[in-house]
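Structure, as structure tokens:
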Amino acid sequence: MSRMLEVLNSHSNEITIDNIPEILRKTREHLDSPQAIIALRFPYFIQKKAPVSGITSMFAANILFSGFSDETGGDSFILGLRIPVTTLCPCSKEISAFGAHNQRSFVTLYVQFKKFIWIEELISVIEESASCEIYPLLKRPDEKFVTEKAFSNPVFAEDIVRGISEKMMADKRIKWFMVETLHLESIHSHNAYARIERFKTKSTVLTEHLRMFKGFPRQEL
């Protein structure tokens, strides 16, 4: 344990996408290990503006950095994010004379990329695939806007992961992705869940990284 802490302490002032491979290589060397994996979870704050009033507030996205290194010299990096959104049930809207039930849903997206991609870009992809995005601070005109926007854009759990999957498949920077959504149902005793995973470019290092990575708790992002 002390050897791992020594490596982390030597980079305690700054851990980034760029130096994670170096941290992992040093860890392998210190422990004389053929493989090393790291998972870093942290809140990432972005400023969001309410859709009508324009009032600003800080929105926290849950982010994951996961790096992997093996004795062949191969490196692998996975970026993950978990974003809350609003979803409105298409079935409820279709059969109800008044309104429709909606819920807070959590969308988790993991990607491996070959060219840099901004966290904000992925957040936008997720939010655009939901019924409506979530804002930390809303005034009454904003509440009217988001309620009506969600009502005009109902989506099932499957719709969200399908929509995000299509955008990830079209993005040439993405090598692999996995997207899953969890609807915290408001009128059922169960939740709704959907998931899609796609390999656009396969590699031995990525396959081994995923083997270890998928053993980690993922919904705790």
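Chain labels follow the order of the structure tokens: the first chain is A, the next B, and so on; residue numbering restarts at 1 in every chain, and ligands are counted from 1 in their shown order.
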Among range 42-221 of chain A, which residues does DSSP mark as helix (DSSP H, G or I) when it is run on the backbone? Keep the chain and numbering as in the structure and answer as JSON, numbers by chain. {"A": [90, 91, 92, 93, 94, 95, 119, 120, 121, 122, 123, 124, 125, 126, 127, 128, 140, 141, 142, 143, 144, 145, 146, 147, 148, 149, 150, 151, 157, 158, 159, 160, 161, 162, 163, 164, 165, 166, 167, 168, 169, 170, 204, 205, 206, 207, 208, 209, 210, 211, 212, 213]}
Applying 12 Å and only C-alpha atoms, which residues near Arg140 in chain A remain after dropping the ones on its own chain fewer than 6 positions away? List them as an MDAnalysis selection string. chainID A and resid 50:53 55 146:147
Using only N, CA and C atoms, please write the residues we just selected to a file, as a PDB file, in the first residue's frame.
```pdb
ATOM      1  N   ALA A  50     -30.598  29.364 -16.562  1.00  0.00           N
ATOM      2  CA  ALA A  50     -32.008  28.987 -16.645  1.00  0.00           C
ATOM      3  C   ALA A  50     -32.577  29.436 -17.991  1.00  0.00           C
ATOM      4  N   PRO A  51     -33.490  28.643 -18.572  1.00  0.00           N
ATOM      5  CA  PRO A  51     -33.906  28.878 -19.958  1.00  0.00           C
ATOM      6  C   PRO A  51     -34.708  30.154 -20.206  1.00  0.00           C
ATOM      7  N   VAL A  52     -35.407  30.687 -19.210  1.00  0.00           N
ATOM      8  CA  VAL A  52     -36.219  31.885 -19.420  1.00  0.00           C
ATOM      9  C   VAL A  52     -35.667  33.077 -18.637  1.00  0.00           C
ATOM     10  N   SER A  53     -35.477  32.891 -17.341  1.00  0.00           N
ATOM     11  CA  SER A  53     -34.999  33.998 -16.506  1.00  0.00           C
ATOM     12  C   SER A  53     -33.529  34.318 -16.749  1.00  0.00           C
ATOM     13  N   ILE A  55     -31.110  33.201 -15.050  1.00  0.00           N
ATOM     14  CA  ILE A  55     -30.368  33.152 -13.793  1.00  0.00           C
ATOM     15  C   ILE A  55     -29.370  31.993 -13.852  1.00  0.00           C
ATOM     16  N   VAL A 146     -39.628  24.248 -18.634  1.00  0.00           N
ATOM     17  CA  VAL A 146     -39.075  22.889 -18.617  1.00  0.00           C
ATOM     18  C   VAL A 146     -40.184  21.840 -18.538  1.00  0.00           C
ATOM     19  N   THR A 147     -41.296  22.178 -17.841  1.00  0.00           N
ATOM     20  CA  THR A 147     -42.413  21.241 -17.767  1.00  0.00           C
ATOM     21  C   THR A 147     -43.026  21.026 -19.142  1.00  0.00           C
TER      22      THR A 147
END
```
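CA of Ser66 in chain A lies 15.8 Å from CA of Val179 in chain A.
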Neighbouring residues of Ala157 in chain A were defined as those with any atom within 12 Å, considering only C-alpha atoms; residues of the same chain fewer than 2 positions away were excluded. Please report them as a PyMOL selection string. chain A and resi 85-90+102-107+129-131+154-155+159-164+179-185+191-196
Go ahead and dump the residues you just picked, C-alpha atoms, as a short mmCIF file (atom, residue, chain, number, x, y, z; two decimals), in the first residue's frame.
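In the end it all went to selection.cif:
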```
data_model
loop_
_atom_site.label_atom_id
_atom_site.label_comp_id
_atom_site.auth_asym_id
_atom_site.auth_seq_id
_atom_site.Cartn_x
_atom_site.Cartn_y
_atom_site.Cartn_z
CA VAL A 85 -32.15 14.46 -16.63
CA THR A 86 -35.94 14.70 -16.78
CA THR A 87 -37.88 12.07 -18.72
CA LEU A 88 -41.60 11.94 -19.48
CA CYS A 89 -43.34 8.67 -20.31
CA PRO A 90 -44.70 8.47 -23.90
CA ASN A 102 -42.35 12.02 -15.44
CA GLN A 103 -39.29 11.19 -13.39
CA ARG A 104 -35.70 12.07 -12.70
CA SER A 105 -33.44 9.77 -14.64
CA PHE A 106 -29.70 9.18 -14.49
CA VAL A 107 -27.75 8.66 -17.69
CA SER A 129 -31.45 12.93 -25.75
CA ALA A 130 -33.70 13.39 -22.69
CA SER A 131 -37.12 14.97 -22.38
CA PRO A 154 -41.53 12.16 -24.19
CA VAL A 155 -38.90 9.39 -24.19
CA ASP A 159 -35.07 5.99 -26.59
CA ILE A 160 -32.38 7.76 -24.58
CA VAL A 161 -29.69 5.11 -24.96
CA ARG A 162 -30.58 4.65 -28.64
CA GLY A 163 -30.29 8.38 -29.33
CA ILE A 164 -26.94 8.70 -27.55
CA VAL A 179 -24.39 4.12 -22.25
CA GLU A 180 -26.99 3.19 -19.68
CA THR A 181 -29.98 4.97 -18.17
CA LEU A 182 -31.88 4.43 -14.96
CA HIS A 183 -35.37 5.90 -14.67
CA LEU A 184 -36.47 6.38 -11.05
CA GLU A 185 -40.12 5.72 -11.80
CA ASN A 191 -37.34 1.40 -12.07
CA ALA A 192 -36.68 1.30 -15.82
CA TYR A 193 -33.22 0.50 -17.20
CA ALA A 194 -31.63 0.33 -20.65
CA ARG A 195 -28.05 -0.17 -21.85
CA ILE A 196 -26.04 -0.24 -25.10
#
```
Can you work out the spacing between CA of Ala36 in chain A and CA of Asp70 in chain A in Å, to one decimal?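 If I compute the distance from CA of Ala36 in chain A to CA of Asp70 in chain A, I get 6.5 Å.
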Neighbour list for Ile37 in chain A as an MDAnalysis selection string, cut-off 7 Å, only C-alpha atoms, skip fewer than 3 positions in-chain: chainID A and resid 24 67:69
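If you look at CA of Ala150 in chain A and CA of Lys48 in chain A, they are 18.0 Å away from each other.
Nearest residue to Ile46 in chain A, choosing from A:Tyr135, A:Phe98, A:Tyr110, A:Trp176 and counting only C-alpha atoms: A:Tyr135.
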